[in-house]
Amino acid sequence: MIKSELVDALAERHPHLYQRDVERVVATVFDEISAALTRGDRVELRGFGAFSVKQREERQGRNPRTGETVSVPQKRVPFFKTGKELRERINVDFNPEA
Amino acid sequence: MASRTVTRADLSEAVYRELGLSRAESADLVEAILEQIAEALARGEKVKISSFGTFEVREKRGRVGRNPKTGEEAPIDPRRVLAFRPSHVLKDRMNEGLNGAA
């Protein structure tokens with residue numbers, strides 16, 4: 001599923017809204033999550049999961065082509081931990097032998 | 001910088017502010033987005049939100065694990081896990097200005 005398909009599915013269930021408003025709702029939600037992570041905040045959506053920010057310190061890396069040592073700057077990376085309910089849902093009907 | 005926790009209420013509030021829909025409908029829509037994503041993932045689909053990231057279901061084989069506290073062996077069944085891969089847009093945004101001229 002891609003973002004436009006998500007918008008279509010929502011628009012179908014909210015027929016009184018314009019498609020472009022549904023698009024703005026979806027954009028607003030993901031932009032809000034991105035903004036929170038950019039501020040260093042955590043985003044907790046019970047039953048779905050939680051996004052947090054991990055800090056990676058500066059380290060010495062190596063250019064794999066030249067073998068040259070380069071310094072990799074510190075960076076922040078988003079991390080997602082699946083919520084309990086969603087973890088259970090993706091495993092319902094899961095039969096690995098099938 | 002004090003870190004706070006953003007919840008569904010904050011997302012609904014943002015939708016309410018941006019779109020001017022009622023608070024109840026804003027909350028419904030936030031819930032509906034999460035529900036649609038969860039349903040797609042439960043069907044085994046990958047969910048790709050451009051400029052945010054991709055949620056993907058991966059299958060893990062069963063293995064013998066160990067209780068780290070007691071050292072006891074315990075079988076771990078085959079299972080599905082969810083992986084989130086952030087998009088470059090999100091990663092870049094989070095690191096803008098972090099190292100001076102980024």
# chains A, B, ... in the order shown; residues from 1 in each chain; ligands from 1
>>> select_by_dssp(residues="chain A", states="strand (DSSP E or B)", output="PyMOL selection string")
chain A and resi 2+42-45+49-56+59-62+69-72+75-82
>>> interface_residues(of="chain B", to="chain A", cutoff="7 Å", atoms="only C-alpha atoms", output="ChimeraX atom specification")
/B:3-8,11,14-15,36,38,40-42,45-50,52,78-82,84,86,90-91,93-95
>>> write_last_selection(atoms="C-alpha atoms", output="compact mmCIF listing (two decimals), in the first residue's frame")
# COMPACT_ATOMS: atom_id res chain seq x y z
CA SER B 3 11.96 15.52 25.27
CA ARG B 4 8.23 15.04 25.40
CA THR B 5 5.92 12.36 24.12
CA VAL B 6 3.56 13.01 21.24
CA THR B 7 0.36 10.96 21.23
CA ARG B 8 -2.80 10.44 19.17
CA LEU B 11 -1.97 14.28 15.97
CA ALA B 14 -2.86 19.07 14.37
CA VAL B 15 -5.55 17.79 11.97
CA GLN B 36 -5.77 1.11 7.48
CA ALA B 38 -2.44 -2.05 10.47
CA ALA B 40 -2.57 -3.75 5.22
CA LEU B 41 0.32 -5.05 7.34
CA ALA B 42 -1.86 -7.84 8.76
CA GLU B 45 1.41 -5.95 2.54
CA LYS B 46 4.23 -3.47 2.65
CA VAL B 47 3.14 0.09 3.47
CA LYS B 48 5.10 2.90 1.86
CA ILE B 49 4.52 6.50 2.92
CA SER B 50 6.67 8.65 0.65
CA PHE B 52 8.28 9.35 5.69
CA PRO B 78 8.66 -18.79 13.60
CA ARG B 79 7.00 -15.39 13.57
CA ARG B 80 6.38 -12.22 11.66
CA VAL B 81 8.00 -8.99 12.72
CA LEU B 82 7.45 -5.46 11.56
CA PHE B 84 10.27 0.39 9.71
CA PRO B 86 12.81 5.69 7.42
CA LEU B 90 12.92 12.04 7.15
CA LYS B 91 16.52 11.16 8.04
CA ARG B 93 15.21 16.46 8.11
CA MET B 94 16.15 15.02 11.51
CA ASN B 95 19.82 15.79 10.92
>>> select_by_dssp(residues="chain B", states="alpha helix (DSSP H)", output="compact mmCIF listing (two decimals) with C-alpha atoms, in the first residue's frame")
# COMPACT_ATOMS: atom_id res chain seq x y z
CA ARG B 8 -2.80 10.44 19.17
CA ALA B 9 -4.28 13.51 20.88
CA ASP B 10 -1.50 15.72 19.46
CA LEU B 11 -1.97 14.28 15.97
CA SER B 12 -5.75 14.89 16.15
CA GLU B 13 -5.13 18.42 17.37
CA ALA B 14 -2.86 19.07 14.37
CA VAL B 15 -5.55 17.79 11.97
CA TYR B 16 -8.15 19.94 13.74
CA ARG B 17 -5.89 23.00 13.43
CA GLU B 18 -4.91 22.40 9.81
CA LEU B 19 -8.24 21.32 8.35
CA ARG B 23 -12.29 17.47 17.01
CA ALA B 24 -14.25 14.20 16.94
CA GLU B 25 -13.77 13.73 13.22
CA SER B 26 -10.10 14.69 13.44
CA ALA B 27 -9.61 11.97 16.06
CA ASP B 28 -11.56 9.46 13.92
CA LEU B 29 -9.37 10.17 10.92
CA VAL B 30 -6.13 9.71 12.88
CA GLU B 31 -7.46 6.38 14.14
CA ALA B 32 -8.59 5.40 10.63
CA ILE B 33 -5.11 6.05 9.22
CA LEU B 34 -3.49 3.79 11.81
CA GLU B 35 -6.20 1.17 11.28
CA GLN B 36 -5.77 1.11 7.48
CA ILE B 37 -2.01 0.70 7.87
CA ALA B 38 -2.44 -2.05 10.47
CA GLU B 39 -4.89 -3.91 8.22
CA ALA B 40 -2.57 -3.75 5.22
CA LEU B 41 0.32 -5.05 7.34
CA ALA B 42 -1.86 -7.84 8.76
CA HIS B 88 15.94 9.76 3.27
CA VAL B 89 13.70 12.80 3.50
CA LEU B 90 12.92 12.04 7.15
CA LYS B 91 16.52 11.16 8.04
CA ASP B 92 17.82 14.32 6.37
CA ARG B 93 15.21 16.46 8.11
CA MET B 94 16.15 15.02 11.51
CA ASN B 95 19.82 15.79 10.92
>>> atom_distance(atom1="atom CA of B:Glu59", atom2="atom CA of A:Lys84")
17.0 Å
>>> decode(residues="stretch 15-98 of chain B", atoms="C-alpha atoms", output="mmCIF file, in the first residue's frame")
data_model
loop_
_atom_site.group_PDB
_atom_site.id
_atom_site.type_symbol
_atom_site.label_atom_id
_atom_site.label_comp_id
_atom_site.auth_asym_id
_atom_site.auth_seq_id
_atom_site.Cartn_x
_atom_site.Cartn_y
_atom_site.Cartn_z
ATOM 1 C CA VAL B 15 -5.555 17.786 11.972
ATOM 2 C CA TYR B 16 -8.154 19.940 13.742
ATOM 3 C CA ARG B 17 -5.890 23.004 13.431
ATOM 4 C CA GLU B 18 -4.912 22.398 9.807
ATOM 5 C CA LEU B 19 -8.238 21.322 8.352
ATOM 6 C CA GLY B 20 -10.798 22.879 10.665
ATOM 7 C CA LEU B 21 -12.757 19.612 10.921
ATOM 8 C CA SER B 22 -14.464 18.849 14.223
ATOM 9 C CA ARG B 23 -12.285 17.472 17.012
ATOM 10 C CA ALA B 24 -14.246 14.197 16.941
ATOM 11 C CA GLU B 25 -13.768 13.733 13.221
ATOM 12 C CA SER B 26 -10.098 14.687 13.443
ATOM 13 C CA ALA B 27 -9.610 11.973 16.062
ATOM 14 C CA ASP B 28 -11.563 9.462 13.919
ATOM 15 C CA LEU B 29 -9.366 10.174 10.921
ATOM 16 C CA VAL B 30 -6.130 9.705 12.882
ATOM 17 C CA GLU B 31 -7.461 6.382 14.135
ATOM 18 C CA ALA B 32 -8.590 5.396 10.626
ATOM 19 C CA ILE B 33 -5.110 6.047 9.216
ATOM 20 C CA LEU B 34 -3.495 3.788 11.809
ATOM 21 C CA GLU B 35 -6.198 1.173 11.283
ATOM 22 C CA GLN B 36 -5.771 1.108 7.483
ATOM 23 C CA ILE B 37 -2.008 0.704 7.866
ATOM 24 C CA ALA B 38 -2.440 -2.055 10.472
ATOM 25 C CA GLU B 39 -4.894 -3.915 8.221
ATOM 26 C CA ALA B 40 -2.568 -3.753 5.225
ATOM 27 C CA LEU B 41 0.318 -5.052 7.341
ATOM 28 C CA ALA B 42 -1.859 -7.836 8.765
ATOM 29 C CA ARG B 43 -2.569 -8.875 5.135
ATOM 30 C CA GLY B 44 1.202 -9.084 4.691
ATOM 31 C CA GLU B 45 1.415 -5.947 2.545
ATOM 32 C CA LYS B 46 4.233 -3.468 2.655
ATOM 33 C CA VAL B 47 3.140 0.095 3.467
ATOM 34 C CA LYS B 48 5.097 2.900 1.858
ATOM 35 C CA ILE B 49 4.524 6.495 2.922
ATOM 36 C CA SER B 50 6.667 8.645 0.654
ATOM 37 C CA SER B 51 8.971 11.134 2.390
ATOM 38 C CA PHE B 52 8.281 9.351 5.689
ATOM 39 C CA GLY B 53 9.195 5.685 5.466
ATOM 40 C CA THR B 54 8.225 2.101 4.752
ATOM 41 C CA PHE B 55 6.691 -0.467 7.088
ATOM 42 C CA GLU B 56 7.466 -4.006 6.083
ATOM 43 C CA VAL B 57 6.527 -7.411 7.473
ATOM 44 C CA ARG B 58 9.429 -9.862 7.692
ATOM 45 C CA GLU B 59 9.279 -13.543 8.477
ATOM 46 C CA LYS B 60 11.637 -14.925 11.080
ATOM 47 C CA ARG B 61 12.522 -18.586 11.254
ATOM 48 C CA GLY B 62 12.106 -20.437 14.516
ATOM 49 C CA ARG B 63 15.256 -20.865 16.596
ATOM 50 C CA VAL B 64 16.420 -21.948 19.980
ATOM 51 C CA GLY B 65 16.723 -18.964 22.239
ATOM 52 C CA ARG B 66 17.908 -18.632 25.783
ATOM 53 C CA ASN B 67 16.385 -16.940 28.754
ATOM 54 C CA PRO B 68 19.083 -14.357 29.473
ATOM 55 C CA LYS B 69 18.273 -14.340 33.171
ATOM 56 C CA THR B 70 18.231 -18.067 33.878
ATOM 57 C CA GLY B 71 20.372 -19.292 30.960
ATOM 58 C CA GLU B 72 17.656 -21.820 30.173
ATOM 59 C CA GLU B 73 17.076 -22.801 26.549
ATOM 60 C CA ALA B 74 13.663 -21.920 25.153
ATOM 61 C CA PRO B 75 12.327 -22.513 21.634
ATOM 62 C CA ILE B 76 11.319 -19.374 19.713
ATOM 63 C CA ASP B 77 8.576 -20.071 17.168
ATOM 64 C CA PRO B 78 8.663 -18.793 13.599
ATOM 65 C CA ARG B 79 7.003 -15.395 13.570
ATOM 66 C CA ARG B 80 6.382 -12.218 11.656
ATOM 67 C CA VAL B 81 7.998 -8.988 12.724
ATOM 68 C CA LEU B 82 7.446 -5.458 11.555
ATOM 69 C CA ALA B 83 10.348 -3.353 10.331
ATOM 70 C CA PHE B 84 10.267 0.390 9.715
ATOM 71 C CA ARG B 85 12.724 1.904 7.242
ATOM 72 C CA PRO B 86 12.807 5.689 7.423
ATOM 73 C CA SER B 87 12.968 7.575 4.130
ATOM 74 C CA HIS B 88 15.945 9.758 3.269
ATOM 75 C CA VAL B 89 13.703 12.803 3.499
ATOM 76 C CA LEU B 90 12.918 12.035 7.149
ATOM 77 C CA LYS B 91 16.522 11.161 8.036
ATOM 78 C CA ASP B 92 17.816 14.324 6.372
ATOM 79 C CA ARG B 93 15.212 16.455 8.108
ATOM 80 C CA MET B 94 16.151 15.016 11.508
ATOM 81 C CA ASN B 95 19.818 15.786 10.918
ATOM 82 C CA GLU B 96 19.531 19.222 9.380
ATOM 83 C CA GLY B 97 21.799 21.661 11.142
ATOM 84 C CA LEU B 98 23.090 18.957 13.488
#
